[in-house]
file entry_32.txt (compact mmCIF, C-alpha atoms)
# COMPACT_ATOMS: atom_id res chain seq x y z
CA MET F 1 -3.48 -32.93 -1.81
CA THR F 2 -6.09 -31.15 -3.88
CA ASP F 3 -4.80 -28.44 -6.16
CA ARG F 4 -6.76 -25.97 -8.28
CA ILE F 5 -6.35 -24.52 -11.73
CA ALA F 6 -5.63 -20.82 -11.38
CA GLY F 7 -4.91 -19.74 -14.93
CA ILE F 8 -4.50 -20.85 -18.54
CA THR F 9 -2.55 -19.27 -21.38
CA LEU F 10 -3.39 -20.27 -24.94
CA SER F 11 -1.01 -19.38 -27.76
CA SER F 12 -1.41 -19.77 -31.51
CA VAL F 13 2.06 -20.28 -32.97
CA THR F 14 2.92 -20.51 -36.68
CA LEU F 15 6.02 -22.60 -37.37
CA PRO F 16 7.59 -21.79 -40.77
CA LEU F 17 9.16 -24.73 -42.58
CA LYS F 18 12.60 -24.41 -44.13
CA HIS F 19 11.35 -25.84 -47.44
CA ALA F 20 7.91 -26.27 -49.00
CA ILE F 21 6.84 -29.88 -48.45
CA SER F 22 5.10 -32.03 -51.04
CA ASP F 23 3.74 -35.55 -50.74
CA ALA F 24 1.42 -37.44 -53.07
CA LYS F 25 -1.55 -35.20 -52.24
CA VAL F 26 0.30 -32.29 -53.82
CA LEU F 27 1.32 -34.19 -56.94
CA THR F 28 -2.25 -35.36 -57.48
CA GLY F 29 -3.54 -31.79 -57.13
CA ARG F 30 -5.46 -32.23 -53.89
CA GLN F 31 -3.32 -29.88 -51.81
CA ARG F 32 -0.78 -27.11 -52.17
CA PRO F 33 2.77 -27.57 -50.89
CA MET F 34 2.97 -27.07 -47.14
CA THR F 35 5.04 -24.11 -45.96
CA GLU F 36 4.06 -23.84 -42.28
CA VAL F 37 2.42 -25.67 -39.38
CA ALA F 38 0.01 -24.02 -36.93
CA PHE F 39 0.40 -24.98 -33.26
CA LEU F 40 -1.92 -24.44 -30.33
CA PHE F 41 -0.03 -24.31 -27.02
CA ALA F 42 -1.77 -24.55 -23.66
CA GLU F 43 0.00 -23.57 -20.44
CA ILE F 44 -1.98 -24.43 -17.32
CA ARG F 45 -1.01 -22.90 -13.99
CA ALA F 46 -2.05 -24.46 -10.70
CA GLU F 47 -2.40 -22.72 -7.36
CA SER F 48 0.55 -24.81 -6.15
CA GLY F 49 2.80 -22.93 -8.59
CA LEU F 50 3.39 -25.83 -10.96
CA GLU F 51 2.66 -25.45 -14.66
CA GLY F 52 1.77 -27.93 -17.38
CA VAL F 53 2.48 -27.45 -21.07
CA GLY F 54 0.66 -29.12 -23.96
CA PHE F 55 0.16 -28.62 -27.64
CA SER F 56 -1.83 -29.66 -30.67
CA TYR F 57 -1.34 -28.64 -34.28
CA SER F 58 -2.85 -28.29 -37.72
CA LYS F 59 -1.16 -28.69 -41.07
CA ARG F 60 -2.61 -26.23 -43.57
CA ALA F 61 -6.10 -25.04 -42.51
CA GLY F 62 -7.54 -25.32 -39.01
CA GLY F 63 -5.13 -23.60 -36.63
CA PRO F 64 -7.29 -20.49 -35.97
CA ALA F 65 -10.33 -22.71 -35.42
CA GLN F 66 -8.51 -24.75 -32.79
CA PHE F 67 -7.39 -21.61 -30.99
CA ALA F 68 -10.87 -20.06 -31.07
CA HIS F 69 -12.53 -23.19 -29.68
CA ALA F 70 -9.95 -23.61 -26.92
CA ARG F 71 -10.44 -19.98 -25.89
CA GLU F 72 -14.19 -20.54 -25.59
CA VAL F 73 -14.11 -23.71 -23.47
CA ALA F 74 -10.97 -23.18 -21.36
CA PRO F 75 -12.68 -20.96 -18.73
CA ASP F 76 -14.60 -24.06 -17.57
CA LEU F 77 -11.31 -25.33 -16.09
CA LEU F 78 -10.79 -22.49 -13.64
CA GLY F 79 -11.00 -23.64 -10.02
CA GLN F 80 -11.03 -27.32 -11.00
CA ASP F 81 -8.69 -29.99 -9.63
CA PRO F 82 -6.13 -30.57 -12.44
CA SER F 83 -5.68 -34.20 -11.41
CA ASP F 84 -9.22 -35.11 -12.51
CA ILE F 85 -8.21 -35.24 -16.15
CA GLN F 86 -10.80 -37.67 -17.51
CA ARG F 87 -13.58 -35.68 -15.84
CA LEU F 88 -12.20 -32.41 -17.21
CA TRP F 89 -11.94 -33.84 -20.73
CA THR F 90 -15.64 -34.73 -20.58
CA ARG F 91 -16.45 -31.29 -19.16
CA LEU F 92 -14.72 -29.56 -22.06
CA VAL F 93 -16.39 -31.80 -24.64
CA TRP F 94 -19.80 -30.95 -23.24
CA ALA F 95 -18.91 -27.26 -23.16
CA GLY F 96 -18.76 -27.47 -26.96
CA ALA F 97 -21.10 -30.39 -27.53
CA SER F 98 -22.84 -28.84 -30.52
CA VAL F 99 -19.68 -29.04 -32.64
CA GLY F 100 -19.15 -32.72 -31.94
CA ARG F 101 -16.49 -35.03 -30.53
CA SER F 102 -13.94 -35.11 -33.32
CA GLY F 103 -12.03 -32.75 -35.56
CA ALA F 104 -11.04 -29.20 -34.63
CA SER F 105 -13.06 -29.16 -31.41
CA THR F 106 -11.35 -32.13 -29.77
CA GLN F 107 -8.00 -31.12 -31.26
CA ALA F 108 -8.40 -27.87 -29.35
CA ILE F 109 -9.14 -29.83 -26.19
CA ALA F 110 -6.10 -32.00 -26.91
CA ALA F 111 -3.64 -29.19 -26.17
CA ILE F 112 -5.30 -28.64 -22.80
CA ASP F 113 -5.46 -32.35 -22.05
CA VAL F 114 -1.76 -32.84 -22.80
CA ALA F 115 -0.94 -29.89 -20.52
CA LEU F 116 -2.96 -31.48 -17.70
CA TRP F 117 -1.04 -34.75 -18.05
CA ASP F 118 2.24 -32.84 -18.13
CA LEU F 119 1.20 -31.06 -14.94
CA LYS F 120 0.14 -34.30 -13.26
CA ALA F 121 3.48 -35.96 -14.03
CA LYS F 122 5.34 -32.90 -12.73
CA ARG F 123 3.34 -33.03 -9.49
CA ALA F 124 4.46 -36.65 -9.14
CA GLY F 125 8.05 -35.73 -10.04
CA LEU F 126 8.06 -38.31 -12.84
CA PRO F 127 8.50 -38.40 -16.61
CA LEU F 128 5.08 -38.89 -18.19
CA ALA F 129 6.00 -42.40 -19.37
CA LYS F 130 6.79 -43.43 -15.80
CA LEU F 131 3.54 -41.95 -14.52
CA LEU F 132 1.66 -44.04 -17.10
CA GLY F 133 3.62 -47.19 -16.26
CA ALA F 134 6.42 -47.53 -18.80
CA HIS F 135 7.27 -50.85 -20.40
CA ARG F 136 10.59 -49.51 -21.68
CA ASP F 137 12.92 -46.52 -21.43
CA SER F 138 13.53 -46.21 -25.18
CA VAL F 139 11.49 -46.71 -28.34
CA ARG F 140 12.41 -47.70 -31.91
CA CYS F 141 12.38 -44.70 -34.22
CA TYR F 142 12.30 -44.08 -37.95
CA ASP F 143 12.73 -40.89 -39.97
CA THR F 144 10.09 -39.40 -42.26
CA SER F 145 11.18 -35.81 -42.79
CA GLY F 146 13.85 -36.70 -45.37
CA GLY F 147 11.72 -38.80 -47.72
CA PHE F 148 9.19 -36.45 -49.30
CA LEU F 149 8.34 -36.52 -52.99
CA HIS F 150 9.42 -32.96 -53.70
CA GLU F 151 13.06 -34.00 -53.22
CA PRO F 152 15.03 -35.73 -55.97
CA ILE F 153 16.05 -39.28 -55.19
CA GLU F 154 19.70 -38.27 -54.77
CA GLN F 155 18.70 -35.96 -51.92
CA VAL F 156 16.47 -38.64 -50.37
CA LEU F 157 19.43 -41.03 -50.33
CA ALA F 158 21.67 -38.42 -48.73
CA ASN F 159 18.97 -37.67 -46.15
CA ALA F 160 18.66 -41.38 -45.33
CA SER F 161 22.41 -41.67 -44.78
CA ALA F 162 22.40 -38.64 -42.48
CA SER F 163 19.44 -39.97 -40.49
CA LEU F 164 21.01 -43.37 -39.95
CA ALA F 165 24.34 -41.77 -39.00
CA SER F 166 22.53 -39.69 -36.36
CA GLY F 167 21.27 -42.85 -34.65
CA ILE F 168 17.79 -43.17 -36.17
CA GLY F 169 16.80 -46.77 -36.78
CA GLY F 170 14.63 -46.81 -39.89
CA ILE F 171 13.68 -44.82 -42.99
CA LYS F 172 10.24 -44.01 -44.39
CA ILE F 173 9.76 -42.46 -47.82
CA LYS F 174 6.70 -41.11 -49.55
CA VAL F 175 5.08 -42.89 -52.48
CA GLY F 176 1.82 -42.27 -54.36
CA HIS F 177 3.47 -40.54 -57.29
CA PRO F 178 1.18 -40.36 -60.37
CA SER F 179 3.63 -42.79 -61.99
CA ALA F 180 3.90 -46.17 -60.29
CA ALA F 181 7.20 -46.70 -62.10
CA VAL F 182 8.63 -43.63 -60.35
CA ASP F 183 7.47 -44.96 -56.97
CA LEU F 184 9.05 -48.36 -57.53
CA ALA F 185 12.30 -46.86 -58.79
CA ARG F 186 12.59 -44.61 -55.72
CA VAL F 187 11.87 -47.46 -53.31
CA ARG F 188 14.38 -49.70 -55.08
CA ALA F 189 17.04 -46.97 -54.91
CA VAL F 190 16.52 -46.44 -51.18
CA ARG F 191 16.50 -50.17 -50.42
CA GLU F 192 19.75 -50.67 -52.32
CA HIS F 193 21.28 -47.64 -50.61
CA ILE F 194 20.45 -48.55 -47.00
CA GLY F 195 20.75 -52.32 -47.35
CA ASP F 196 18.36 -55.16 -46.65
CA GLU F 197 18.72 -55.07 -42.86
CA THR F 198 17.65 -51.45 -42.30
CA PRO F 199 13.90 -51.08 -41.66
CA LEU F 200 12.16 -49.36 -44.58
CA MET F 201 8.58 -48.10 -44.74
CA VAL F 202 6.54 -46.33 -47.43
CA ASP F 203 3.60 -43.91 -47.14
CA ALA F 204 1.10 -43.33 -49.96
CA ASN F 205 -0.91 -40.65 -48.11
CA GLN F 206 -4.28 -42.08 -49.23
CA GLN F 207 -3.64 -41.55 -52.94
CA TRP F 208 -4.36 -45.01 -54.39
CA ASP F 209 -7.67 -46.61 -55.25
CA ARG F 210 -8.21 -50.26 -54.35
CA PRO F 211 -6.94 -51.85 -57.62
CA THR F 212 -3.87 -49.60 -57.68
CA ALA F 213 -3.05 -50.33 -54.06
CA GLN F 214 -3.37 -54.05 -54.69
CA ARG F 215 -1.16 -53.95 -57.77
CA ILE F 216 1.56 -51.71 -56.33
CA GLY F 217 1.38 -53.47 -52.98
CA ARG F 218 2.27 -56.73 -54.68
CA ALA F 219 5.12 -55.08 -56.57
CA LEU F 220 6.49 -53.70 -53.29
CA GLU F 221 6.65 -57.13 -51.63
CA GLU F 222 10.20 -57.75 -52.88
CA PHE F 223 11.61 -54.87 -50.84
CA GLY F 224 10.85 -56.36 -47.43
CA LEU F 225 9.04 -53.28 -46.15
CA VAL F 226 8.03 -52.93 -42.51
CA TRP F 227 4.72 -51.48 -43.68
CA ILE F 228 2.74 -49.74 -46.41
CA GLU F 229 1.06 -46.69 -44.90
CA GLU F 230 -2.29 -45.20 -45.91
CA PRO F 231 -2.57 -46.95 -49.26
CA LEU F 232 -6.27 -45.99 -49.44
CA ASP F 233 -8.61 -43.30 -48.19
CA ALA F 234 -8.22 -43.11 -44.41
CA TYR F 235 -11.89 -43.99 -43.86
CA ASP F 236 -11.95 -47.02 -46.17
CA ALA F 237 -11.75 -49.66 -43.44
CA GLU F 238 -13.05 -52.44 -45.69
CA GLY F 239 -10.53 -51.68 -48.42
CA HIS F 240 -7.65 -51.63 -45.96
CA ALA F 241 -8.87 -54.90 -44.50
CA ALA F 242 -8.85 -56.55 -47.93
CA LEU F 243 -5.28 -55.38 -48.50
CA ALA F 244 -4.19 -56.56 -45.07
CA ARG F 245 -5.54 -60.05 -45.88
CA SER F 246 -4.00 -60.26 -49.34
CA LEU F 247 -0.51 -58.79 -48.88
CA ASP F 248 2.44 -60.10 -46.91
CA THR F 249 3.53 -56.55 -46.10
CA ALA F 250 1.86 -55.03 -43.06
CA ILE F 251 -0.74 -52.29 -43.58
CA ALA F 252 -0.56 -49.18 -41.40
CA SER F 253 -3.05 -46.34 -41.02
CA GLY F 254 -4.83 -44.07 -38.55
CA GLU F 255 -2.96 -40.77 -38.52
CA MET F 256 -5.73 -38.80 -40.24
CA LEU F 257 -8.52 -40.04 -37.99
CA THR F 258 -9.78 -37.64 -35.34
CA SER F 259 -11.50 -39.81 -32.74
CA VAL F 260 -11.24 -43.11 -30.92
CA ALA F 261 -14.48 -44.19 -32.60
CA GLU F 262 -12.95 -43.80 -36.06
CA HIS F 263 -9.92 -45.87 -35.05
CA HIS F 264 -12.23 -48.50 -33.63
CA GLU F 265 -13.64 -49.00 -37.13
CA LEU F 266 -10.15 -49.91 -38.38
CA ILE F 267 -9.72 -52.34 -35.51
CA ARG F 268 -13.20 -53.85 -35.88
CA HIS F 269 -12.66 -54.56 -39.57
CA GLY F 270 -9.15 -55.97 -39.11
CA ALA F 271 -8.02 -53.19 -41.42
CA VAL F 272 -4.52 -52.59 -40.07
CA ASP F 273 -1.59 -54.53 -38.70
CA ILE F 274 -0.04 -51.32 -37.38
CA ILE F 275 -2.20 -48.55 -35.96
CA GLN F 276 -0.98 -44.95 -36.11
CA PRO F 277 -2.96 -42.70 -33.78
CA ASP F 278 -2.02 -39.07 -33.24
CA ALA F 279 -2.77 -37.86 -29.70
CA PRO F 280 -3.25 -34.19 -30.68
CA ARG F 281 -5.65 -35.22 -33.45
CA ILE F 282 -7.87 -37.54 -31.42
CA GLY F 283 -8.32 -35.34 -28.36
CA GLY F 284 -5.14 -35.73 -26.34
CA ILE F 285 -3.54 -38.28 -24.05
CA THR F 286 -6.80 -39.22 -22.32
CA GLN F 287 -8.27 -40.43 -25.60
CA PHE F 288 -4.99 -41.96 -26.74
CA LEU F 289 -4.95 -44.17 -23.65
CA ARG F 290 -8.48 -45.37 -24.43
CA LEU F 291 -7.38 -46.27 -27.94
CA ALA F 292 -4.19 -47.93 -26.73
CA GLY F 293 -6.29 -50.35 -24.69
CA LEU F 294 -8.31 -51.31 -27.75
CA ALA F 295 -5.17 -51.70 -29.86
CA GLU F 296 -3.48 -53.86 -27.24
CA HIS F 297 -6.54 -56.10 -27.03
CA ALA F 298 -6.32 -56.57 -30.81
CA ASN F 299 -2.57 -57.32 -30.57
CA LEU F 300 -1.70 -54.47 -32.92
CA ILE F 301 1.69 -52.83 -33.28
CA MET F 302 1.50 -49.10 -32.60
CA ALA F 303 3.38 -46.39 -34.47
CA PRO F 304 2.04 -42.97 -33.38
CA HIS F 305 2.08 -40.19 -35.96
CA PHE F 306 4.18 -37.00 -35.66
CA ALA F 307 4.57 -35.09 -32.31
CA MET F 308 7.36 -37.34 -31.03
CA GLU F 309 7.77 -35.12 -27.96
CA ILE F 310 4.42 -36.47 -26.76
CA HIS F 311 4.35 -39.86 -28.41
CA ALA F 312 7.71 -41.08 -27.12
CA HIS F 313 6.14 -41.24 -23.65
CA LEU F 314 2.92 -42.87 -24.83
CA ALA F 315 4.75 -45.45 -26.94
CA ALA F 316 7.02 -46.31 -24.01
CA ALA F 317 3.89 -47.21 -22.03
CA TYR F 318 2.41 -49.44 -24.75
CA PRO F 319 2.87 -53.18 -24.06
CA HIS F 320 3.85 -54.29 -27.57
CA GLU F 321 7.13 -52.96 -29.00
CA PRO F 322 6.14 -49.79 -30.92
CA TRP F 323 7.72 -47.40 -33.40
CA ILE F 324 8.05 -43.60 -33.13
CA GLU F 325 8.11 -41.25 -36.09
CA HIS F 326 11.04 -38.82 -36.00
CA PHE F 327 10.51 -35.32 -37.39
CA ASP F 328 13.02 -32.55 -36.86
CA TRP F 329 10.47 -29.88 -37.82
CA LEU F 330 9.48 -29.18 -34.20
CA HIS F 331 13.01 -28.63 -32.87
CA PRO F 332 12.78 -24.80 -32.89
CA LEU F 333 9.69 -24.90 -30.65
CA PHE F 334 11.43 -26.39 -27.60
CA ASP F 335 14.58 -25.81 -25.57
CA GLU F 336 15.24 -29.55 -25.16
CA ARG F 337 16.05 -32.36 -27.58
CA LEU F 338 15.21 -36.03 -27.42
CA GLU F 339 18.23 -38.32 -27.21
CA ILE F 340 18.57 -40.61 -30.23
CA ARG F 341 21.08 -43.45 -30.49
CA ASP F 342 21.25 -47.07 -31.56
CA GLY F 343 18.06 -46.75 -33.56
CA ARG F 344 15.97 -45.61 -30.60
CA ILE F 345 14.63 -42.52 -28.88
CA HIS F 346 15.71 -42.59 -25.24
CA LEU F 347 13.48 -40.92 -22.66
CA SER F 348 15.03 -38.39 -20.33
CA GLY F 349 14.52 -38.26 -16.58
CA ARG F 350 12.91 -34.83 -16.78
CA PRO F 351 9.42 -34.70 -15.21
CA GLY F 352 6.35 -34.46 -17.38
CA LEU F 353 6.91 -34.27 -21.12
CA GLY F 354 10.35 -32.88 -20.38
CA VAL F 355 10.06 -29.92 -22.76
CA THR F 356 9.74 -26.16 -22.36
CA ILE F 357 8.56 -23.66 -24.97
CA SER F 358 11.46 -21.84 -26.63
CA ASP F 359 11.90 -18.09 -27.01
CA GLN F 360 11.71 -18.63 -30.78
CA ALA F 361 8.26 -20.18 -30.44
CA ARG F 362 7.19 -17.14 -28.41
CA LYS F 363 8.33 -14.90 -31.27
CA TRP F 364 6.23 -16.92 -33.73
CA THR F 365 3.06 -16.40 -31.64
CA VAL F 366 0.29 -14.84 -33.70
CA ASP F 367 -2.51 -14.85 -31.10
CA ARG F 368 -2.71 -15.31 -27.34
CA ALA F 369 -5.37 -15.53 -24.65
CA ASP F 370 -4.84 -15.35 -20.88
CA ILE F 371 -7.64 -16.90 -18.85
CA GLY F 372 -7.81 -16.55 -15.07
CA ALA F 373 -4.71 -15.59 -13.09
CA PRO F 374 -2.06 -13.98 -15.33
CA ALA F 375 1.22 -15.74 -16.12

call {"tool": "encode", "arguments": {"input": "entry_32.txt", "output": "structure tokens"}}
result
Amino acid sequence: MTDRIAGITLSSVTLPLKHAISDAKVLTGRQRPMTEVAFLFAEIRAESGLEGVGFSYSKRAGGPAQFAHAREVAPDLLGQDPSDIQRLWTRLVWAGASVGRSGASTQAIAAIDVALWDLKAKRAGLPLAKLLGAHRDSVRCYDTSGGFLHEPIEQVLANASASLASGIGGIKIKVGHPSAAVDLARVRAVREHIGDETPLMVDANQQWDRPTAQRIGRALEEFGLVWIEEPLDAYDAEGHAALARSLDTAIASGEMLTSVAEHHELIRHGAVDIIQPDAPRIGGITQFLRLAGLAEHANLIMAPHFAMEIHAHLAAAYPHEPWIEHFDWLHPLFDERLEIRDGRIHLSGRPGLGVTISDQARKWTVDRADIGAPA
């Protein structure tokens, strides 16, 4: 039966981090340590009484821009059928066509798009993964939040032990330190600590040039890594392709790209073995599904970036066995937790995304807009 969108609430929420976070971009002077993450939440209410919840985010700058754009275009949803998600995505893009189809504008739309998919799954009484046609009920997961460069190696090793003990299946650490010797020593220490059988990944966060990536990539071969992530600038498809051809270790990238078209360049050049899209960054679930079709056609492994509360469902619906990135940063934002055991994230039977916004997240709200019927 046809339903209609009666109201939308947009909330700008600032999540404080327990510790200032530094990766290679900080050590090379390109960024300051990260102390908070800005989230845009969208809550969409239908005339039927059901409500969908979605979110996008911005690390460092961009959160207020996402909120402002969403507030401008969201009124175009009022009175529309929430099931027509692809049509509504296009409608919102054209509402802000002059600012383009990537970056902050589509990241603003992403929160709304995710909320529409959450609502659609709730109307069907299904978890989102089941609505999309799940290939599996659990997904391999690895931890990133314990491997940043601001932490001494002793703490990284302790974090890895705690992650594996909690049921997480793999460990990723940051590299890209100004000293290659430091990078190699840290990777060696982690590999020796977790053993040869535990999956290990590294992430350079775009901080190497082509010769450095080639040289360090060869030196990393001995550690049996699952992948080397973002060894080069995110938009250097040709450079990534050359690395992918020359190294035995898989090359992964995509998290910083903000459209399907940009990811298509990686695929077209054969630049990655593992593609890492981020649904909130590329415009939401609607765009993620477009990209997933391209990635499947290219026989790529998928390892979505961040936002595991969304990506666990999308990865479960991807044909080839994927990976999910585990971050505990978002735990305070939601009342529910994902179940993790035996190296995998297990999907719950809750309808939709299966999460509700916590009271703590409400307290961290710095701006809010109610559009249409009030909550």

call {"tool": "residues_around", "arguments": {"input": "entry_32.txt", "residues": "Leu232 in chain F", "least_positions_apart": "5", "cutoff": "10 Å", "atoms": "all atoms listed in the file", "output": "PyMOL selection string"}}
result
chain F and resi 204-210+212-213+237+239-240+243+253

call {"tool": "write_last_selection", "arguments": {"input": "entry_32.txt", "atoms": "C-alpha atoms", "output": "tab-separated table (two decimals), in the coordinates of the input"}}
result
chain	number	residue	atom	x	y	z
F	204	ALA	CA	1.10	-43.33	-49.96
F	205	ASN	CA	-0.91	-40.65	-48.11
F	206	GLN	CA	-4.28	-42.08	-49.23
F	207	GLN	CA	-3.64	-41.55	-52.94
F	208	TRP	CA	-4.36	-45.01	-54.39
F	209	ASP	CA	-7.67	-46.61	-55.25
F	210	ARG	CA	-8.21	-50.26	-54.35
F	212	THR	CA	-3.87	-49.60	-57.68
F	213	ALA	CA	-3.05	-50.33	-54.06
F	237	ALA	CA	-11.75	-49.66	-43.44
F	239	GLY	CA	-10.53	-51.68	-48.42
F	240	HIS	CA	-7.65	-51.63	-45.96
F	243	LEU	CA	-5.28	-55.38	-48.50
F	253	SER	CA	-3.05	-46.34	-41.02

call {"tool": "atom_distance", "arguments": {"input": "entry_32.txt", "atom1": "CA of Arg368 in chain F", "atom2": "CA of Leu40 in chain F"}}
result
9.6 Å

call {"tool": "atom_distance", "arguments": {"input": "entry_32.txt", "atom1": "CA of Leu300 in chain F", "atom2": "CA of Val93 in chain F"}}
result
28.3 Å

call {"tool": "residues_around", "arguments": {"input": "entry_32.txt", "residues": "Asp137 in chain F", "least_positions_apart": "4", "cutoff": "10 Å", "atoms": "all atoms listed in the file", "output": "list in words"}}
result
Ala129, Lys130, Ala312, His313, Ala315, Ala316, Ala317, Arg344, Ile345, His346, Leu347, Ser348 and Gly349 of chain F

call {"tool": "write_last_selection", "arguments": {"input": "entry_32.txt", "atoms": "C-alpha atoms", "output": "compact mmCIF listing (two decimals), in the frame of the given file"}}
result
# COMPACT_ATOMS: atom_id res chain seq x y z
CA ALA F 129 6.00 -42.40 -19.37
CA LYS F 130 6.79 -43.43 -15.80
CA ALA F 312 7.71 -41.08 -27.12
CA HIS F 313 6.14 -41.24 -23.65
CA ALA F 315 4.75 -45.45 -26.94
CA ALA F 316 7.02 -46.31 -24.01
CA ALA F 317 3.89 -47.21 -22.03
CA ARG F 344 15.97 -45.61 -30.60
CA ILE F 345 14.63 -42.52 -28.88
CA HIS F 346 15.71 -42.59 -25.24
CA LEU F 347 13.48 -40.92 -22.66
CA SER F 348 15.03 -38.39 -20.33
CA GLY F 349 14.52 -38.26 -16.58

call {"tool": "closest_residue", "arguments": {"input": "entry_32.txt", "among": "F:Arg4, F:Lys172, F:Arg362, F:Arg337", "to": "Leu116 in chain F", "atoms": "all atoms listed in the file"}}
result
F:Arg4

call {"tool": "atom_distance", "arguments": {"input": "entry_32.txt", "atom1": "CA of Asp81 in chain F", "atom2": "CA of Trp117 in chain F"}}
result
12.3 Å

call {"tool": "axis_aligned_box", "arguments": {"input": "entry_32.txt", "around": "range 361-368 of chain F", "padding_each_side": "5 Å", "output": "AutoDock Vina command-line options"}}
result
--center_x 2.8 --center_y -17.5 --center_z -30.5 --size_x 21.0 --size_y 15.3 --size_z 16.4

call {"tool": "closest_residue", "arguments": {"input": "entry_32.txt", "among": "F:Ile324, F:Leu119, F:Ile251, F:Ile371", "to": "Gln214 in chain F", "atoms": "all atoms listed in the file"}}
result
F:Ile251

call {"tool": "residues_around", "arguments": {"input": "entry_32.txt", "residues": "Gly29 in chain F", "least_positions_apart": "4", "cutoff": "12 Å", "atoms": "all atoms listed in the file", "output": "PyMOL selection string"}}
result
chain F and resi 22-25+33+177-178+207

call {"tool": "closest_residue", "arguments": {"input": "entry_32.txt", "among": "F:Ala250, F:Ala261, F:Ala108, F:Val26", "to": "Gly54 in chain F", "atoms": "all atoms listed in the file"}}
result
F:Ala108

call {"tool": "closest_residue", "arguments": {"input": "entry_32.txt", "among": "F:Leu291, F:Leu17, F:Val366, F:Ala6", "to": "His331 in chain F", "atoms": "all atoms listed in the file"}}
result
F:Leu17

call {"tool": "residues_around", "arguments": {"input": "entry_32.txt", "residues": "Arg350 in chain F", "least_positions_apart": "5", "cutoff": "9 Å", "atoms": "only C-alpha atoms", "output": "list of chain:residue names"}}
result
F:Lys122, F:Gly125, F:Leu126, F:Pro127, F:Leu128, F:Val355

call {"tool": "closest_residue", "arguments": {"input": "entry_32.txt", "among": "F:Arg188, F:Ala292, F:Ile301, F:Val182", "to": "Trp227 in chain F", "atoms": "only C-alpha atoms"}}
result
F:Ile301

call {"tool": "closest_residue", "arguments": {"input": "entry_32.txt", "among": "F:Arg91, F:His69, F:Arg281, F:His269", "to": "Phe306 in chain F", "atoms": "all atoms listed in the file"}}
result
F:Arg281

call {"tool": "residues_around", "arguments": {"input": "entry_32.txt", "residues": "Phe334 in chain F", "least_positions_apart": "5", "cutoff": "6 Å", "atoms": "all atoms listed in the file", "output": "VMD selection string"}}
result
chain F and resid 356 to 358

call {"tool": "build_atoms", "arguments": {"input": "entry_32.txt", "residues": "range 39-49 of chain F", "atoms": "N, CA, C and O atoms", "output": "PDB file, in the frame of the given file"}}
result
ATOM      1  N   PHE F  39       0.409 -24.303 -34.554  1.00  0.00           N
ATOM      2  CA  PHE F  39       0.400 -24.980 -33.260  1.00  0.00           C
ATOM      3  C   PHE F  39      -0.476 -24.227 -32.277  1.00  0.00           C
ATOM      4  O   PHE F  39      -0.506 -22.988 -32.268  1.00  0.00           O
ATOM      5  N   LEU F  40      -1.189 -24.989 -31.465  1.00  0.00           N
ATOM      6  CA  LEU F  40      -1.920 -24.440 -30.330  1.00  0.00           C
ATOM      7  C   LEU F  40      -1.220 -24.913 -29.061  1.00  0.00           C
ATOM      8  O   LEU F  40      -1.161 -26.123 -28.799  1.00  0.00           O
ATOM      9  N   PHE F  41      -0.657 -23.985 -28.301  1.00  0.00           N
ATOM     10  CA  PHE F  41      -0.030 -24.310 -27.020  1.00  0.00           C
ATOM     11  C   PHE F  41      -0.972 -23.950 -25.882  1.00  0.00           C
ATOM     12  O   PHE F  41      -1.631 -22.904 -25.913  1.00  0.00           O
ATOM     13  N   ALA F  42      -1.031 -24.811 -24.886  1.00  0.00           N
ATOM     14  CA  ALA F  42      -1.770 -24.550 -23.660  1.00  0.00           C
ATOM     15  C   ALA F  42      -0.805 -24.625 -22.484  1.00  0.00           C
ATOM     16  O   ALA F  42      -0.076 -25.610 -22.347  1.00  0.00           O
ATOM     17  N   GLU F  43      -0.799 -23.589 -21.666  1.00  0.00           N
ATOM     18  CA  GLU F  43       0.000 -23.570 -20.440  1.00  0.00           C
ATOM     19  C   GLU F  43      -0.962 -23.415 -19.273  1.00  0.00           C
ATOM     20  O   GLU F  43      -1.664 -22.398 -19.181  1.00  0.00           O
ATOM     21  N   ILE F  44      -1.012 -24.404 -18.419  1.00  0.00           N
ATOM     22  CA  ILE F  44      -1.980 -24.430 -17.320  1.00  0.00           C
ATOM     23  C   ILE F  44      -1.235 -24.240 -16.002  1.00  0.00           C
ATOM     24  O   ILE F  44      -0.320 -25.003 -15.675  1.00  0.00           O
ATOM     25  N   ARG F  45      -1.643 -23.227 -15.261  1.00  0.00           N
ATOM     26  CA  ARG F  45      -1.010 -22.900 -13.990  1.00  0.00           C
ATOM     27  C   ARG F  45      -1.904 -23.319 -12.834  1.00  0.00           C
ATOM     28  O   ARG F  45      -3.098 -22.988 -12.809  1.00  0.00           O
ATOM     29  N   ALA F  46      -1.319 -24.030 -11.888  1.00  0.00           N
ATOM     30  CA  ALA F  46      -2.050 -24.460 -10.700  1.00  0.00           C
ATOM     31  C   ALA F  46      -1.743 -23.530  -9.526  1.00  0.00           C
ATOM     32  O   ALA F  46      -0.717 -22.828  -9.518  1.00  0.00           O
ATOM     33  N   GLU F  47      -2.620 -23.535  -8.541  1.00  0.00           N
ATOM     34  CA  GLU F  47      -2.400 -22.720  -7.360  1.00  0.00           C
ATOM     35  C   GLU F  47      -1.111 -23.101  -6.635  1.00  0.00           C
ATOM     36  O   GLU F  47      -0.498 -22.275  -5.954  1.00  0.00           O
ATOM     37  N   SER F  48      -0.688 -24.348  -6.781  1.00  0.00           N
ATOM     38  CA  SER F  48       0.550 -24.810  -6.150  1.00  0.00           C
ATOM     39  C   SER F  48       1.791 -24.165  -6.748  1.00  0.00           C
ATOM     40  O   SER F  48       2.879 -24.251  -6.175  1.00  0.00           O
ATOM     41  N   GLY F  49       1.667 -23.536  -7.922  1.00  0.00           N
ATOM     42  CA  GLY F  49       2.800 -22.930  -8.590  1.00  0.00           C
ATOM     43  C   GLY F  49       3.341 -23.748  -9.740  1.00  0.00           C
ATOM     44  O   GLY F  49       4.138 -23.244 -10.540  1.00  0.00           O
TER      45      GLY F  49
END
